[in-house]
$ cat start.pdb   # PDB, C-alpha atoms, pLDDT in the B column
ATOM      1  CA  MET A 136       0.000   0.000   0.000  1.00 46.00           C
ATOM      2  CA  THR A 137       1.332   3.449  -0.976  1.00 54.00           C
ATOM      3  CA  ASP A 138       1.309   6.286   1.509  1.00 55.00           C
ATOM      4  CA  ASN A 139      -0.128   9.366  -0.243  1.00 57.00           C
ATOM      5  CA  SER A 140      -0.738  11.258   2.971  1.00 56.00           C
ATOM      6  CA  PRO A 141      -0.071  15.016   3.043  1.00 58.00           C
ATOM      7  CA  LYS A 142       2.966  14.380   5.267  1.00 58.00           C
ATOM      8  CA  LYS A 143       4.621  12.210   2.591  1.00 55.00           C
ATOM      9  CA  ASN A 144       3.963  14.748  -0.191  1.00 58.00           C
ATOM     10  CA  PHE A 145       4.994  17.850   1.762  1.00 68.00           C
ATOM     11  CA  ILE A 146       8.542  19.149   1.285  1.00 78.00           C
ATOM     12  CA  ILE A 147      10.354  21.397   3.759  1.00 82.00           C
ATOM     13  CA  ARG A 148      13.221  23.623   2.617  1.00 86.00           C
ATOM     14  CA  ASN A 149      15.807  25.231   4.877  1.00 89.00           C
ATOM     15  CA  ILE A 150      17.234  28.582   3.709  1.00 90.00           C
ATOM     16  CA  ASN A 151      20.644  27.595   5.082  1.00 92.00           C
ATOM     17  CA  GLU A 152      20.754  24.381   3.026  1.00 91.00           C
ATOM     18  CA  ILE A 153      19.595  25.590  -0.403  1.00 90.00           C
ATOM     19  CA  GLU A 154      22.016  25.069  -3.281  1.00 92.00           C
ATOM     20  CA  LEU A 155      22.832  28.542  -4.598  1.00 94.00           C
ATOM     21  CA  ASP A 156      23.398  29.450  -8.229  1.00 95.00           C
ATOM     22  CA  ASN A 157      25.858  32.213  -9.064  1.00 95.00           C
ATOM     23  CA  PHE A 158      24.739  35.138 -11.236  1.00 93.00           C
ATOM     24  CA  GLU A 159      27.093  37.915 -12.265  1.00 94.00           C
ATOM     25  CA  ARG A 160      27.070  40.684 -14.827  1.00 94.00           C
ATOM     26  CA  SER A 161      29.786  43.198 -14.061  1.00 93.00           C
ATOM     27  CA  PRO A 162      30.034  45.871 -12.969  1.00 95.00           C
ATOM     28  CA  LEU A 163      26.649  46.281 -11.194  1.00 95.00           C
ATOM     29  CA  TYR A 164      25.024  42.865 -10.829  1.00 96.00           C
ATOM     30  CA  ALA A 165      26.015  39.865  -8.726  1.00 96.00           C
ATOM     31  CA  SER A 166      24.080  37.463  -6.531  1.00 96.00           C
ATOM     32  CA  HIS A 167      23.906  33.926  -5.252  1.00 96.00           C
ATOM     33  CA  GLY A 168      20.404  32.547  -5.057  1.00 96.00           C
ATOM     34  CA  GLY A 169      18.267  29.468  -4.967  1.00 95.00           C
ATOM     35  CA  SER A 170      14.615  28.487  -5.051  1.00 93.00           C
ATOM     36  CA  LEU A 171      12.808  27.588  -1.852  1.00 93.00           C
ATOM     37  CA  THR A 172       9.664  26.393  -3.636  1.00 90.00           C
ATOM     38  CA  GLU A 173      10.926  24.418  -6.622  1.00 87.00           C
ATOM     39  CA  GLY A 174       9.928  20.791  -6.209  1.00 83.00           C
ATOM     40  CA  THR A 175       7.447  21.550  -3.402  1.00 84.00           C
ATOM     41  CA  GLN A 176       3.659  21.560  -3.429  1.00 83.00           C
ATOM     42  CA  ALA A 177       3.611  25.363  -3.883  1.00 85.00           C
ATOM     43  CA  SER A 178       1.809  26.297  -7.079  1.00 82.00           C
ATOM     44  CA  LYS A 179       0.777  29.926  -6.500  1.00 88.00           C
ATOM     45  CA  LEU A 180       3.789  31.171  -4.540  1.00 92.00           C
ATOM     46  CA  GLY A 181       7.423  31.418  -5.490  1.00 93.00           C
ATOM     47  CA  ALA A 182      10.201  31.973  -2.990  1.00 96.00           C
ATOM     48  CA  SER A 183      13.968  32.153  -3.106  1.00 96.00           C
ATOM     49  CA  ILE A 184      16.937  33.082  -0.969  1.00 97.00           C
ATOM     50  CA  ASP A 185      19.117  35.829  -2.443  1.00 97.00           C
ATOM     51  CA  CYS A 186      22.616  36.834  -1.319  1.00 98.00           C
ATOM     52  CA  VAL A 187      23.987  40.070  -2.773  1.00 98.00           C
ATOM     53  CA  PRO A 188      27.636  41.110  -2.275  1.00 98.00           C
ATOM     54  CA  PRO A 189      28.584  44.659  -1.209  1.00 98.00           C
ATOM     55  CA  GLY A 190      28.039  47.280  -3.906  1.00 97.00           C
ATOM     56  CA  LYS A 191      25.939  44.974  -6.097  1.00 98.00           C
ATOM     57  CA  ARG A 192      22.308  44.424  -6.988  1.00 96.00           C
ATOM     58  CA  ALA A 193      20.607  41.160  -7.968  1.00 93.00           C
ATOM     59  CA  VAL A 194      18.287  42.373 -10.743  1.00 95.00           C
ATOM     60  CA  PRO A 195      17.594  45.503 -12.808  1.00 95.00           C
ATOM     61  CA  TYR A 196      15.056  48.142 -11.709  1.00 97.00           C
ATOM     62  CA  HIS A 197      11.638  46.771 -12.714  1.00 96.00           C
ATOM     63  CA  PHE A 198       7.931  46.455 -11.983  1.00 97.00           C
ATOM     64  CA  HIS A 199       5.367  43.721 -12.489  1.00 97.00           C
ATOM     65  CA  TYR A 200       1.953  44.064 -14.084  1.00 96.00           C
ATOM     66  CA  SER A 201       0.533  41.028 -12.213  1.00 94.00           C
ATOM     67  CA  GLN A 202       2.826  39.676  -9.521  1.00 95.00           C
ATOM     68  CA  GLU A 203       3.074  40.915  -5.955  1.00 97.00           C
ATOM     69  CA  GLU A 204       6.424  40.565  -4.201  1.00 97.00           C
ATOM     70  CA  MET A 205       7.640  40.482  -0.630  1.00 98.00           C
ATOM     71  CA  PHE A 206      11.228  40.685   0.568  1.00 98.00           C
ATOM     72  CA  ILE A 207      12.349  39.747   4.079  1.00 98.00           C
ATOM     73  CA  VAL A 208      15.846  40.943   4.990  1.00 98.00           C
ATOM     74  CA  ILE A 209      17.581  38.126   6.891  1.00 97.00           C
ATOM     75  CA  ASN A 210      21.105  39.583   7.247  1.00 97.00           C
ATOM     76  CA  GLY A 211      22.774  42.833   6.333  1.00 98.00           C
ATOM     77  CA  SER A 212      21.526  46.161   5.093  1.00 98.00           C
ATOM     78  CA  GLY A 213      21.159  48.063   1.870  1.00 98.00           C
ATOM     79  CA  THR A 214      18.877  50.358  -0.076  1.00 98.00           C
ATOM     80  CA  LEU A 215      15.472  49.834  -1.635  1.00 98.00           C
ATOM     81  CA  ARG A 216      15.188  51.871  -4.802  1.00 98.00           C
ATOM     82  CA  ILE A 217      11.439  52.304  -5.292  1.00 98.00           C
ATOM     83  CA  ALA A 218       9.475  54.754  -7.424  1.00 95.00           C
ATOM     84  CA  GLY A 219      12.443  57.110  -7.641  1.00 91.00           C
ATOM     85  CA  ASP A 220      13.184  57.053  -3.897  1.00 97.00           C
ATOM     86  CA  MET A 221      16.144  55.470  -2.113  1.00 98.00           C
ATOM     87  CA  ILE A 222      15.063  53.960   1.225  1.00 98.00           C
ATOM     88  CA  PRO A 223      17.482  52.329   3.712  1.00 98.00           C
ATOM     89  CA  ILE A 224      16.672  48.690   4.578  1.00 98.00           C
ATOM     90  CA  LYS A 225      18.104  46.467   7.315  1.00 98.00           C
ATOM     91  CA  GLU A 226      17.909  43.055   8.935  1.00 98.00           C
ATOM     92  CA  GLY A 227      14.349  42.238   9.960  1.00 98.00           C
ATOM     93  CA  ASP A 228      12.647  44.530   7.435  1.00 98.00           C
ATOM     94  CA  VAL A 229       9.682  43.121   5.502  1.00 98.00           C
ATOM     95  CA  ILE A 230       9.060  44.879   2.186  1.00 98.00           C
ATOM     96  CA  CYS A 231       5.761  44.408   0.310  1.00 98.00           C
ATOM     97  CA  ILE A 232       5.596  45.504  -3.323  1.00 98.00           C
ATOM     98  CA  PRO A 233       2.226  45.566  -5.117  1.00 97.00           C
ATOM     99  CA  PRO A 234       2.047  45.181  -8.893  1.00 97.00           C
ATOM    100  CA  GLY A 235       1.868  48.241 -11.113  1.00 96.00           C
ATOM    101  CA  ASP A 236       3.902  50.981 -12.708  1.00 96.00           C
ATOM    102  CA  LYS A 237       3.776  53.104  -9.532  1.00 97.00           C
ATOM    103  CA  TYR A 238       6.155  50.653  -7.826  1.00 96.00           C
ATOM    104  CA  PRO A 239       9.294  50.027  -9.892  1.00 98.00           C
ATOM    105  CA  HIS A 240      11.840  48.593  -7.481  1.00 98.00           C
ATOM    106  CA  GLN A 241      15.326  47.225  -6.954  1.00 98.00           C
ATOM    107  CA  ILE A 242      17.323  46.153  -3.909  1.00 98.00           C
ATOM    108  CA  ILE A 243      20.923  47.404  -3.789  1.00 98.00           C
ATOM    109  CA  ASN A 244      23.560  46.308  -1.302  1.00 98.00           C
ATOM    110  CA  THR A 245      25.006  49.669  -0.267  1.00 98.00           C
ATOM    111  CA  SER A 246      26.773  48.177   2.783  1.00 98.00           C
ATOM    112  CA  ASN A 247      30.188  46.565   3.287  1.00 98.00           C
ATOM    113  CA  GLU A 248      28.690  43.159   4.192  1.00 98.00           C
ATOM    114  CA  MET A 249      26.686  40.483   2.369  1.00 98.00           C
ATOM    115  CA  LEU A 250      22.962  41.319   2.072  1.00 98.00           C
ATOM    116  CA  ARG A 251      20.758  38.230   2.409  1.00 98.00           C
ATOM    117  CA  TYR A 252      16.987  38.238   1.902  1.00 98.00           C
ATOM    118  CA  VAL A 253      14.059  35.977   1.082  1.00 98.00           C
ATOM    119  CA  SER A 254      12.086  36.897  -2.046  1.00 97.00           C
ATOM    120  CA  ILE A 255       8.453  35.787  -2.185  1.00 97.00           C
ATOM    121  CA  SER A 256       6.111  36.362  -5.117  1.00 96.00           C
ATOM    122  CA  THR A 257       2.732  35.368  -6.410  1.00 95.00           C
ATOM    123  CA  MET A 258       3.265  33.286  -9.505  1.00 89.00           C
ATOM    124  CA  GLU A 259       0.694  34.991 -11.723  1.00 88.00           C
ATOM    125  CA  SER A 260       0.660  33.847 -15.312  1.00 87.00           C
ATOM    126  CA  PRO A 261       0.804  35.335 -17.809  1.00 90.00           C
ATOM    127  CA  GLU A 262       3.082  38.046 -16.470  1.00 92.00           C
ATOM    128  CA  ILE A 263       4.607  41.179 -17.930  1.00 94.00           C
ATOM    129  CA  CYS A 264       7.605  42.797 -16.289  1.00 95.00           C
ATOM    130  CA  GLU A 265       8.826  46.228 -17.393  1.00 95.00           C
ATOM    131  CA  TYR A 266      12.352  47.656 -16.974  1.00 94.00           C
ATOM    132  CA  PRO A 267      12.164  51.504 -16.949  1.00 95.00           C
ATOM    133  CA  ASP A 268      15.945  52.123 -17.003  1.00 94.00           C
ATOM    134  CA  SER A 269      16.465  50.179 -20.232  1.00 93.00           C
ATOM    135  CA  ASN A 270      13.005  50.653 -21.781  1.00 92.00           C
ATOM    136  CA  LYS A 271      12.460  46.866 -22.096  1.00 93.00           C
ATOM    137  CA  TYR A 272       9.706  44.461 -21.192  1.00 92.00           C
ATOM    138  CA  LEU A 273       9.448  40.731 -20.544  1.00 92.00           C
ATOM    139  CA  ALA A 274       6.256  38.787 -21.315  1.00 93.00           C
ATOM    140  CA  LYS A 275       6.111  35.222 -20.012  1.00 91.00           C
ATOM    141  CA  THR A 276       3.911  32.335 -18.961  1.00 88.00           C
ATOM    142  CA  LYS A 277       4.568  29.419 -16.661  1.00 78.00           C
ATOM    143  CA  SER A 278       5.567  26.211 -18.380  1.00 68.00           C
ATOM    144  CA  ASP A 279       2.745  23.795 -19.056  1.00 62.00           C
ATOM    145  CA  VAL A 280      -0.091  26.237 -18.368  1.00 52.00           C
ATOM    146  CA  ASN A 281      -3.186  24.349 -19.525  1.00 59.00           C
ATOM    147  CA  GLY A 282      -0.941  21.913 -21.381  1.00 64.00           C
ATOM    148  CA  MET A 283       0.740  24.683 -23.395  1.00 67.00           C
ATOM    149  CA  LYS A 284       4.484  25.162 -23.663  1.00 78.00           C
ATOM    150  CA  GLN A 285       6.125  28.067 -21.860  1.00 84.00           C
ATOM    151  CA  PHE A 286       6.149  31.428 -23.650  1.00 87.00           C
ATOM    152  CA  ARG A 287       8.867  33.993 -23.012  1.00 89.00           C
ATOM    153  CA  ALA A 288       9.646  37.149 -25.010  1.00 89.00           C
ATOM    154  CA  MET A 289      11.825  40.143 -24.163  1.00 90.00           C
ATOM    155  CA  ASN A 290      11.953  43.231 -26.334  1.00 87.00           C
ATOM    156  CA  PHE A 291      12.324  46.995 -26.255  1.00 89.00           C
ATOM    157  CA  MET A 292       9.217  49.105 -25.696  1.00 87.00           C
ATOM    158  CA  GLY A 293       7.889  50.646 -28.899  1.00 82.00           C
ATOM    159  CA  GLU A 294       9.696  48.093 -31.078  1.00 71.00           C
ATOM    160  CA  GLY A 295       6.441  46.311 -31.876  1.00 75.00           C
ATOM    161  CA  VAL A 296       5.148  45.452 -35.304  1.00 74.00           C
ATOM    162  CA  ASP A 297       1.802  46.034 -36.939  1.00 76.00           C
ATOM    163  CA  TYR A 298      -0.870  43.488 -36.021  1.00 68.00           C
ATOM    164  CA  TRP A 299      -1.079  42.301 -39.652  1.00 66.00           C
ATOM    165  CA  GLU A 300       2.652  42.185 -40.440  1.00 79.00           C
ATOM    166  CA  ASN A 301       3.709  38.826 -42.009  1.00 78.00           C
ATOM    167  CA  GLU A 302       0.107  37.585 -41.980  1.00 73.00           C
ATOM    168  CA  PRO A 303      -1.314  36.181 -45.255  1.00 76.00           C
TER     169      PRO A 303
END
$ encode --input "start.pdb" --output "structure tokens"
Amino acid sequence: MTDNSPKKNFIIRNINEIELDNFERSPLYASHGGSLTEGTQASKLGASIDCVPPGKRAVPYHFHYSQEEMFIVINGSGTLRIAGDMIPIKEGDVICIPPGDKYPHQIINTSNEMLRYVSISTMESPEICEYPDSNKYLAKTKSDVNGMKQFRAMNFMGEGVDYWENEP
């Protein structure tokens, strides 16, 4: 007899034991991060641990059209760049970012120590993410949404084509 109880199907992750991937794009971007929800029963929430070295940032300044995000600072301090403001952040801070163009955001490690935080987001799909500094956007879906393959496209704003271009 197979045990399909919730206990057997539930997976616990420990932020201190997650395998971290290295991401670097000099001179501004560097981080070590790993998923806390991949392989778990979570289907509507995504979470990761992010470690950002001094003077670096993990991702470009951006906002989401659909997803909400939350960041929980575990260790260190830095700066939250949000809607044109620079706000100091520190260990213990919980930052909630709603979707929308009023809340472009980016976390920057402006300290001399490693900045470590948990990133949590709703996994809305489809999702559009806009990058105001570079005038780009990302449109994407989850993989296997309703049996469809994943869609992902990144382009510059205003670089679109006419609706009928290349159509018979």
$ atom_distance --input "start.pdb" --atom1 "CA of Lys277 in chain A" --atom2 "CA of Lys191 in chain A"
28.5 Å
$ resolve_selection --input "start.pdb" --expression "the PyMOL selection byres ((chain A and resi 246) around 10)" --output "list in words"
Pro188, Pro189, Gly190, Lys191, Gly211, Ser212, Gly213, Thr214, Lys225, Ile243, Asn244, Thr245, Asn247, Glu248, Met249 and Leu250 of chain A
$ closest_residue --input "start.pdb" --among "A:Tyr196, A:Glu159, A:Phe286, A:Arg251" --to "Asn270 in chain A" --atoms "all atoms listed in the file"
A:Tyr196
$ residues_around --input "start.pdb" --residues "Ile146 in chain A" --least-positions-apart "4" --cutoff "8 Å" --atoms "all atoms listed in the file" --output "ChimeraX atom specification"
/A:174-176
$ write_last_selection --input "start.pdb" --atoms "C-alpha atoms" --output "mmCIF file, keeping the file's coordinate frame"
data_model
loop_
_atom_site.group_PDB
_atom_site.id
_atom_site.type_symbol
_atom_site.label_atom_id
_atom_site.label_comp_id
_atom_site.auth_asym_id
_atom_site.auth_seq_id
_atom_site.Cartn_x
_atom_site.Cartn_y
_atom_site.Cartn_z
ATOM 1 C CA GLY A 174 9.928 20.791 -6.209
ATOM 2 C CA THR A 175 7.447 21.550 -3.402
ATOM 3 C CA GLN A 176 3.659 21.560 -3.429
#
$ resolve_selection --input "start.pdb" --expression "the PyMOL selection byres ((chain A and resi 288) around 9)" --output "ChimeraX atom specification"
/A:272-275,286-287,289-290
$ closest_atom_pairs --input "start.pdb" --of "range 182-263 of chain A" --to "range 149-153 of chain A" --cutoff "10 Å" --atoms "only C-alpha atoms" --output "CSV"
residue,atom,partner,partner_atom,distance
A:Ser183,CA,A:Ile150,CA,8.4
A:Ile184,CA,A:Ile150,CA,6.5
A:Asp185,CA,A:Ile150,CA,9.7
A:Tyr252,CA,A:Ile150,CA,9.8
A:Val253,CA,A:Ile150,CA,8.5
$ resolve_selection --input "start.pdb" --expression "the PyMOL selection byres ((chain A and resi 207) around 7)" --output "list of chain:residue names"
A:Met205, A:Phe206, A:Val208, A:Ile209, A:Gly227, A:Asp228, A:Val229, A:Ile230, A:Tyr252, A:Val253, A:Ser254
$ residues_around --input "start.pdb" --residues "Pro239 in chain A" --least-positions-apart "2" --cutoff "10 Å" --atoms "all atoms listed in the file" --output "number ranges by chain"
A: 195-199, 216-219, 232-237, 241, 264-268
$ atom_distance --input "start.pdb" --atom1 "CA of Asp220 in chain A" --atom2 "CA of Leu180 in chain A"
27.5 Å
$ residues_around --input "start.pdb" --residues "Thr257 in chain A" --least-positions-apart "3" --cutoff "9 Å" --atoms "all atoms listed in the file" --output "ChimeraX atom specification"
/A:179-182,201-204
$ atom_distance --input "start.pdb" --atom1 "CA of Met258 in chain A" --atom2 "CA of Ala177 in chain A"
9.7 Å
